[in-house]
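Student: Once you've had a glance at the structure underneath, I'll fire off some questions.
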Amino acid sequence: MKTRAYLITAFLVLGSISVSFAQNPRLAQQYFQNGEYEKAAELYSALSQKNGSNDFFFDRYFDCLLALEEYSEAEAVIKRQIRRNDGNVKLYVSYGTLLERLNRYDEAEEQFNIAIENLPADQYSVTRLANAFIRLTKYPFAITTYEKGSRLLRDDRLFSYNMGDLYRRMGETAPMITAYLNALDDNPDRISQLQIIFQRYLTEEDYRELQTQLYERIQDGNDNPIFPELLAWVFVQRKDYRNAFRQVKALDRRLNENGLRIYELGEVATEDKDYDAAIQAFDYIVEEKGQASTLYLDAKQQALRVRRMKLVDGFAYTAEELTTLEGQYMFFLDEFGYNRATASIILELAELQAIYMNKLESAIGLLADMITYPGTNPSTQARGKLALADYYLMDGDIWEATLLYSQVDKAYKEDMLGHEARFRNARLAYYNGDFQWAQAQFDVLKASTSKLIANDALDLSVFIMDNLGLDTSAVALQTYADADLLVFRNQFDAAFAKMDSLLAAFPEHSLQDDILYLKANVFRKKREYEAAAQLYEEIVEKFPEDIRADNSLFALAEINERFLGDKEKAQLLYENLFIDYSNSTFAVEARKRFRLLRGDNI
């Protein structure tokens, strides 16, 4: 019985000692975090002595001595620790840190160099020493450590990525790129990670350096396909799509691919409106890959689309060019047929004929058939109905137009297509002079999840409300709506004539700023940016309190930024907008663009 009691007591004592010891590291850490360095030093000293192989406890003890400015004790302790464990080169870094505190900089640097000189041929030790230097922001010493480690381990690429990160922190672009490319050569799977880094940190000049280094590696005979791929990506970042095409074409042939990367490049170039490069990419797939390619039909469709975009964007085209493009669409449809698979191409041909060639009857006939094709994608069919309704409206058949708009609205009530149909139906009522019903619909659509529809609805709602209650404004407003419809039909000369007649009939009417705004939008649509900017500026100066002022100010800033090349003026205009028109729907975007032009990292 006594023996049993003795054993229980012994176990309890040992258990309490174990719990106490386990609590000491946590208690020491708490003291350290609270800045109670004397108490922490006492505990860490004991922990270090009991656990000689645990560097953490000694490092914390040494940190406490530095915090307490007990430099003599710290020097004695670190020297003793080095004698006991001279293979731990990180201790020389700690000693160097102390010497720097004592303003003994030459001696400190000597200790740092000793650490590197005594570096063992072990990857963990190399990384550990480099991290010790990095924590002290001594990046050159960390780089020297990695270089020494690479030599010891006989692997020039082992620490390339780490060195690239250090050169990046030091702002040394050329060696950073060299190190990162070495890492990529060793591990091509890093490409996505490096592209993110390059996008975040490289300037235009830096991209040229990256381009140069990639060229050198390729020309020196490095056959790693990752470098041409990255070079193509660099050209895309610089919006040099023609040179990007050369690189991806070479890769496509070298790797015997199906043209997918060329197709994707064509899409990017299209998005950025480099239509010639996009056409070149899509034509390559059609001509080089042929009908056996799974991308053949899509590439041929895209080539047609881009040719149309190139021609009609900006309205700088001739009747002969339109006829040639129409013939290319018809040749495509003769080859692939008029069916559900080509419904989107039929939709584009109808737009070409209706909007640009004044062939409303032909466009209406094409779409009237297309929306009946069995198996047609429902959203394509709905877009066909919306376009057909637009063309009926342009042809003066209001009832057919509103019927089709209503069909799409009913079928896609909670979808963007439904919101678009509802907006167009309300716009039709506005064109037709039913202003009160149109305004009620626009008021509902102001809550649309589509920012574009919501903003357009808000503009038209406020516009009607401001002009409907004035004397004789129904006549003036209807004349303006007629001009607006002519702009919708791309009949710009007739629209300008209608607006001029309105000004002559109502010289003092409040629609003056709206007329200027509509004319400015036409000039912008035609890419006559100087003329558009002049009118937007006139609105801002003469009508600063009217509803078109903030729209005009934003449009004027955008034109200066993107087309006239005056970014300084654009920045000032954006600033004026979000300060003077803080309630504008453009205020948030204006602030964002202002910060970008100022150079903020958003």
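So you can find residues: chains in the structure tokens are A, B, ... in the order shown, residues in each start at 1, and ligands are numbered from 1 in order.
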Name the residues in contact with segment 45-53 of chain A at a cut-off of 9 Å, using only C-alpha atoms, excluding same-chain residues fewer than 6 positions from it; report them as a list in words.

Tutor: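 So, after excluding close chain neighbours, the residues are Phe21, Asn24, Pro25, Asp59, Arg60, Tyr61 and Phe62 of chain A.
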
Student: Neighbouring residues of Gln301 of chain A were defined as those with any atom within 9 Å, considering only C-alpha atoms; residues of the same chain fewer than 3 positions away were excluded. Please report them as a list in words.

Tutor: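 Non-adjacent residues within range: Phe282, Tyr296, Leu297, Asp298, Leu304, Arg305, Val306, Phe332, Thr342, Ser344 and Ile345 of chain A.
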
Student: Save out the residues we just selected, C-alpha atoms, as a JSON list (two decimals), in the first residue's frame.

Tutor:
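So result.json came out as:
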```
[["chain", "number", "residue", "atom", "x", "y", "z"],
["A", 282, "PHE", "CA", -7.50, 33.51, -87.66],
["A", 296, "TYR", "CA", -11.60, 25.75, -88.56],
["A", 297, "LEU", "CA", -15.23, 26.88, -88.38],
["A", 298, "ASP", "CA", -14.68, 29.13, -85.33],
["A", 304, "LEU", "CA", -15.26, 37.46, -90.76],
["A", 305, "ARG", "CA", -16.28, 39.22, -87.55],
["A", 306, "VAL", "CA", -12.95, 40.98, -87.20],
["A", 332, "PHE", "CA", -19.29, 31.64, -95.86],
["A", 342, "THR", "CA", -24.42, 29.64, -88.58],
["A", 344, "SER", "CA", -24.66, 34.06, -85.24],
["A", 345, "ILE", "CA", -23.07, 34.77, -88.66]]
```

Student: Please give the complete set of residues from segment 131-229 of chain A that DSSP, run on the backbone, assigns to alpha helix (DSSP H), formatted as number ranges by chain.

Tutor: A: 131-135, 139-153, 160-170, 173-186, 191-201, 204-219, 226-229

Student: Go ahead and write the residues just picked, C-alpha atoms, as a compact mmCIF listing (two decimals), in the first residue's frame.

Tutor:
```txt
# COMPACT_ATOMS: atom_id res chain seq x y z
CA ASN A 131 17.18 33.84 -44.49
CA ALA A 132 19.18 35.20 -41.56
CA PHE A 133 20.62 37.88 -43.84
CA ILE A 134 17.23 38.53 -45.43
CA ARG A 135 15.63 39.18 -42.02
CA TYR A 139 20.26 41.30 -49.43
CA PRO A 140 23.78 41.43 -50.99
CA PHE A 141 25.06 39.04 -48.31
CA ALA A 142 22.06 36.77 -48.92
CA ILE A 143 22.82 36.74 -52.65
CA THR A 144 26.48 35.92 -51.95
CA THR A 145 25.28 33.08 -49.72
CA TYR A 146 23.13 31.64 -52.51
CA GLU A 147 25.99 31.98 -55.00
CA LYS A 148 28.37 30.17 -52.64
CA GLY A 149 25.74 27.52 -51.99
CA SER A 150 25.24 26.97 -55.73
CA ARG A 151 28.96 26.37 -56.14
CA LEU A 152 29.17 24.02 -53.15
CA LEU A 153 26.18 22.00 -54.32
CA SER A 160 17.90 31.17 -58.96
CA TYR A 161 14.33 31.97 -57.96
CA ASN A 162 15.41 33.11 -54.48
CA MET A 163 18.06 35.35 -56.03
CA GLY A 164 15.50 36.81 -58.42
CA ASP A 165 13.33 37.78 -55.46
CA LEU A 166 16.29 39.47 -53.77
CA TYR A 167 17.29 41.43 -56.87
CA ARG A 168 13.64 42.51 -57.19
CA ARG A 169 13.68 43.84 -53.63
CA MET A 170 16.91 45.70 -54.41
CA THR A 173 15.96 44.69 -62.85
CA ALA A 174 18.50 43.13 -65.23
CA PRO A 175 19.99 40.60 -62.76
CA MET A 176 16.48 39.95 -61.42
CA ILE A 177 15.28 38.95 -64.88
CA THR A 178 18.39 36.82 -65.45
CA ALA A 179 17.84 34.95 -62.18
CA TYR A 180 14.12 34.43 -62.83
CA LEU A 181 14.79 33.14 -66.35
CA ASN A 182 17.37 30.71 -64.95
CA ALA A 183 14.71 29.47 -62.52
CA LEU A 184 12.24 29.14 -65.39
CA ASP A 185 14.73 27.18 -67.47
CA ASP A 186 15.11 24.81 -64.53
CA ILE A 191 5.83 30.53 -65.81
CA SER A 192 2.41 31.59 -64.44
CA GLN A 193 3.98 32.67 -61.16
CA LEU A 194 6.64 34.70 -62.94
CA GLN A 195 4.12 36.31 -65.30
CA ILE A 196 2.25 37.62 -62.26
CA ILE A 197 5.50 39.03 -60.84
CA PHE A 198 6.43 40.64 -64.16
CA GLN A 199 2.99 42.21 -64.56
CA ARG A 200 3.19 43.62 -61.06
CA TYR A 201 6.71 45.02 -61.09
CA GLU A 204 7.76 49.36 -70.18
CA GLU A 205 11.54 49.74 -70.15
CA ASP A 206 11.86 46.59 -68.02
CA TYR A 207 9.77 44.65 -70.53
CA ARG A 208 12.26 45.64 -73.21
CA GLU A 209 15.07 44.23 -71.02
CA LEU A 210 13.11 40.99 -70.58
CA GLN A 211 12.53 40.83 -74.33
CA THR A 212 16.25 41.32 -75.01
CA GLN A 213 17.29 38.59 -72.59
CA LEU A 214 14.76 36.17 -74.05
CA TYR A 215 16.02 36.86 -77.58
CA GLU A 216 19.59 36.20 -76.41
CA ARG A 217 18.69 32.83 -74.90
CA ILE A 218 16.76 31.74 -77.99
CA GLN A 219 19.51 32.86 -80.38
CA ILE A 226 9.12 28.04 -72.55
CA PHE A 227 11.23 31.00 -73.71
CA PRO A 228 9.44 31.59 -77.06
CA GLU A 229 6.17 31.20 -75.15
```

Student: Write out as an NGL selection string the residues lying within 10 Å of Pro378 of chain A, counting only C-alpha atoms and excluding same-chain residues fewer than 6 positions away.

Tutor: :A and (371 or 384 or 411)

Student: Between atom CA of Leu136 of chain A and atom CA of Val93 of chain A, measure the distance and give it in Å to one decimal.

Tutor: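 Between atom CA of Leu136 of chain A and atom CA of Val93 of chain A the gap works out to 9.4 Å.
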
Student: Segment 113-166 of chain A near segment 70-87 of chain A within 12 Å: what's each residue's closest atom pair and its distance in Å to one decimal, counting only C-alpha atoms, ordered by chain then ascending residue number, as a Markdown table?

Tutor:
```
| residue | atom | partner | partner_atom | distance |
| --- | --- | --- | --- | --- |
| A:Ile114 | CA | A:Asp86 | CA | 10.8 |
| A:Ala115 | CA | A:Gly87 | CA | 9.5 |
| A:Ile116 | CA | A:Gly87 | CA | 11.5 |
| A:Glu117 | CA | A:Gly87 | CA | 11.4 |
| A:Asn118 | CA | A:Gly87 | CA | 7.7 |
| A:Leu119 | CA | A:Gly87 | CA | 8.3 |
| A:Pro120 | CA | A:Gly87 | CA | 8.0 |
| A:Ala121 | CA | A:Gly87 | CA | 11.6 |
| A:Asp122 | CA | A:Gly87 | CA | 11.6 |
| A:Ser125 | CA | A:Gly87 | CA | 9.8 |
| A:Leu129 | CA | A:Gly87 | CA | 11.8 |
```

Student: From the set A:Tyr392, A:Ala382, A:Glu541, A:Ile464, which residue has the shortest atom-to-atom contact distance to Gly365 of chain A, counting only C-alpha atoms?

Tutor: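 Checking each candidate against Gly365 of chain A, we get A:Tyr392 as the closest.
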
Student: List the neighbours of segment 273-280 of chain A out to 7 Å using only C-alpha atoms; skip same-chain residues closer than 4 positions along the sequence, and give me the result as an MDAnalysis selection string.

Tutor: chainID A and resid 241:242 266:267 269 284 303 306 310

Student: Pick out the residues sitting within 12 Å of Arg489 of chain A, and hand them over as a ChimeraX atom specification; count only C-alpha atoms, and ignore anything fewer than 4 positions along from it in its own chain.

Tutor: /A:351,353-360,390-396,482-485,493-495,522

Student: With N, CA and C atoms retained, write the just-selected residues as a JSON list (two decimals), in the first residue's frame.

Tutor:
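Final output, saved to out13.json:
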```
[["chain", "number", "residue", "atom", "x", "y", "z"],
["A", 351, "GLU", "N", -26.93, 42.65, -89.52],
["A", 351, "GLU", "CA", -26.51, 43.94, -88.96],
["A", 351, "GLU", "C", -25.75, 44.76, -90.00],
["A", 353, "GLN", "N", -26.04, 44.65, -93.22],
["A", 353, "GLN", "CA", -26.96, 45.14, -94.25],
["A", 353, "GLN", "C", -27.86, 46.25, -93.72],
["A", 354, "ALA", "N", -28.36, 46.08, -92.50],
["A", 354, "ALA", "CA", -29.33, 47.04, -91.97],
["A", 354, "ALA", "C", -28.68, 48.34, -91.52],
["A", 355, "ILE", "N", -27.58, 48.22, -90.77],
["A", 355, "ILE", "CA", -26.99, 49.40, -90.14],
["A", 355, "ILE", "C", -26.08, 50.16, -91.10],
["A", 356, "TYR", "N", -25.38, 49.43, -91.98],
["A", 356, "TYR", "CA", -24.34, 50.08, -92.77],
["A", 356, "TYR", "C", -24.63, 50.17, -94.27],
["A", 357, "MET", "N", -25.53, 49.30, -94.78],
["A", 357, "MET", "CA", -25.76, 49.25, -96.23],
["A", 357, "MET", "C", -27.17, 49.69, -96.62],
["A", 358, "ASN", "N", -27.98, 50.03, -95.59],
["A", 358, "ASN", "CA", -29.35, 50.47, -95.86],
["A", 358, "ASN", "C", -30.15, 49.42, -96.61],
["A", 359, "LYS", "N", -29.92, 48.15, -96.28],
["A", 359, "LYS", "CA", -30.66, 47.04, -96.89],
["A", 359, "LYS", "C", -31.57, 46.43, -95.82],
["A", 360, "LEU", "N", -32.51, 47.24, -95.33],
["A", 360, "LEU", "CA", -33.36, 46.80, -94.25],
["A", 360, "LEU", "C", -34.21, 45.59, -94.63],
["A", 390, "ASP", "N", -35.20, 45.93, -83.79],
["A", 390, "ASP", "CA", -34.52, 47.19, -84.10],
["A", 390, "ASP", "C", -34.73, 47.57, -85.57],
["A", 391, "TYR", "N", -34.63, 46.58, -86.45],
["A", 391, "TYR", "CA", -34.72, 46.86, -87.88],
["A", 391, "TYR", "C", -36.16, 47.19, -88.28],
["A", 392, "TYR", "N", -37.13, 46.53, -87.63],
["A", 392, "TYR", "CA", -38.53, 46.92, -87.84],
["A", 392, "TYR", "C", -38.74, 48.37, -87.41],
["A", 393, "LEU", "N", -38.13, 48.73, -86.27],
["A", 393, "LEU", "CA", -38.24, 50.11, -85.78],
["A", 393, "LEU", "C", -37.63, 51.08, -86.77],
["A", 394, "MET", "N", -36.46, 50.72, -87.31],
["A", 394, "MET", "CA", -35.81, 51.58, -88.30],
["A", 394, "MET", "C", -36.65, 51.69, -89.58],
["A", 395, "ASP", "N", -37.43, 50.65, -89.85],
["A", 395, "ASP", "CA", -38.27, 50.63, -91.06],
["A", 395, "ASP", "C", -39.64, 51.25, -90.81],
["A", 396, "GLY", "N", -39.86, 51.67, -89.56],
["A", 396, "GLY", "CA", -41.12, 52.33, -89.24],
["A", 396, "GLY", "C", -42.23, 51.41, -88.77],
["A", 482, "ASP", "N", -36.75, 62.38, -82.65],
["A", 482, "ASP", "CA", -36.62, 62.02, -84.07],
["A", 482, "ASP", "C", -35.14, 62.04, -84.49],
["A", 483, "ALA", "N", -34.42, 63.08, -84.05],
["A", 483, "ALA", "CA", -32.99, 63.17, -84.38],
["A", 483, "ALA", "C", -32.23, 62.01, -83.74],
["A", 484, "ASP", "N", -32.60, 61.69, -82.52],
["A", 484, "ASP", "CA", -31.96, 60.58, -81.80],
["A", 484, "ASP", "C", -32.17, 59.26, -82.55],
["A", 485, "LEU", "N", -33.37, 59.06, -83.09],
["A", 485, "LEU", "CA", -33.67, 57.86, -83.87],
["A", 485, "LEU", "C", -32.84, 57.82, -85.15],
["A", 493, "ASP", "N", -26.20, 62.65, -91.28],
["A", 493, "ASP", "CA", -26.48, 63.93, -91.95],
["A", 493, "ASP", "C", -27.91, 64.37, -91.69],
["A", 494, "ALA", "N", -28.83, 63.41, -91.81],
["A", 494, "ALA", "CA", -30.24, 63.72, -91.55],
["A", 494, "ALA", "C", -30.45, 64.09, -90.08],
["A", 495, "ALA", "N", -29.72, 63.43, -89.17],
["A", 495, "ALA", "CA", -29.85, 63.73, -87.75],
["A", 495, "ALA", "C", -29.37, 65.15, -87.46],
["A", 522, "VAL", "N", -21.99, 61.65, -81.90],
["A", 522, "VAL", "CA", -21.87, 61.25, -83.31],
["A", 522, "VAL", "C", -20.43, 61.42, -83.78]]
```

Student: Could you name the residues that touch Ala520 of chain A at 10 Å or less, counting only C-alpha atoms, but leaving out those on the same chain fewer than 5 positions away, as a ChimeraX atom specification?

Tutor: /A:514-515,525-526,528-537,539,552,555-556

Student: Only N, CA and C atoms, please: the residues just picked out, written as a short mmCIF file (atom, residue, chain, number, x, y, z; two decimals), in the first residue's frame.

Tutor:
```
data_model
loop_
_atom_site.label_atom_id
_atom_site.label_comp_id
_atom_site.auth_asym_id
_atom_site.auth_seq_id
_atom_site.Cartn_x
_atom_site.Cartn_y
_atom_site.Cartn_z
N ASP A 514 -28.34 69.19 -74.75
CA ASP A 514 -28.60 67.82 -75.22
C ASP A 514 -28.27 67.68 -76.70
N ILE A 515 -28.54 68.73 -77.46
CA ILE A 515 -28.22 68.70 -78.89
C ILE A 515 -26.70 68.67 -79.08
N LYS A 525 -18.39 58.70 -82.39
CA LYS A 525 -18.68 57.44 -83.09
C LYS A 525 -17.93 57.38 -84.41
N LYS A 526 -17.77 58.52 -85.03
CA LYS A 526 -17.08 58.59 -86.33
C LYS A 526 -15.56 58.76 -86.16
N GLU A 528 -13.99 61.25 -84.94
CA GLU A 528 -13.57 62.63 -85.11
C GLU A 528 -13.44 63.23 -83.70
N TYR A 529 -12.34 62.84 -83.02
CA TYR A 529 -12.21 63.11 -81.59
C TYR A 529 -12.02 64.59 -81.26
N GLU A 530 -11.32 65.31 -82.10
CA GLU A 530 -11.13 66.74 -81.85
C GLU A 530 -12.47 67.46 -81.86
N ALA A 531 -13.30 67.15 -82.85
CA ALA A 531 -14.61 67.79 -82.95
C ALA A 531 -15.49 67.40 -81.76
N ALA A 532 -15.43 66.13 -81.37
CA ALA A 532 -16.21 65.68 -80.22
C ALA A 532 -15.76 66.38 -78.94
N ALA A 533 -14.44 66.47 -78.73
CA ALA A 533 -13.91 67.09 -77.53
C ALA A 533 -14.32 68.56 -77.45
N GLN A 534 -14.33 69.23 -78.58
CA GLN A 534 -14.70 70.65 -78.60
C GLN A 534 -16.14 70.84 -78.11
N LEU A 535 -17.04 69.96 -78.54
CA LEU A 535 -18.45 70.07 -78.14
C LEU A 535 -18.64 69.68 -76.68
N TYR A 536 -17.96 68.62 -76.23
CA TYR A 536 -18.05 68.23 -74.81
C TYR A 536 -17.57 69.38 -73.92
N GLU A 537 -16.49 70.02 -74.34
CA GLU A 537 -15.93 71.12 -73.55
C GLU A 537 -16.91 72.29 -73.50
N ILE A 539 -20.14 72.10 -73.57
CA ILE A 539 -21.21 71.74 -72.64
C ILE A 539 -20.77 72.00 -71.20
N SER A 552 -20.50 64.70 -70.12
CA SER A 552 -19.57 65.35 -71.04
C SER A 552 -18.18 65.44 -70.46
N ALA A 555 -16.63 62.00 -70.71
CA ALA A 555 -16.29 61.70 -72.10
C ALA A 555 -15.08 62.52 -72.56
N LEU A 556 -15.02 63.78 -72.14
CA LEU A 556 -13.90 64.65 -72.50
C LEU A 556 -12.60 64.12 -71.90
#
```

Student: How far is it from atom CA of Asp155 of chain A to atom CA of Tyr124 of chain A, in Å with one decimal?

Tutor: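 Separation of atom CA of Asp155 of chain A and atom CA of Tyr124 of chain A: 14.4 Å.
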
Student: At a cut-off of 12 Å, using only C-alpha atoms, what residues contact Ala505 of chain A? Leave out same-chain residues fewer than 4 positions from it and give the result as a PyMOL selection string.

Tutor: chain A and resi 472-473+475-476+479-480+498-501+509+511-512
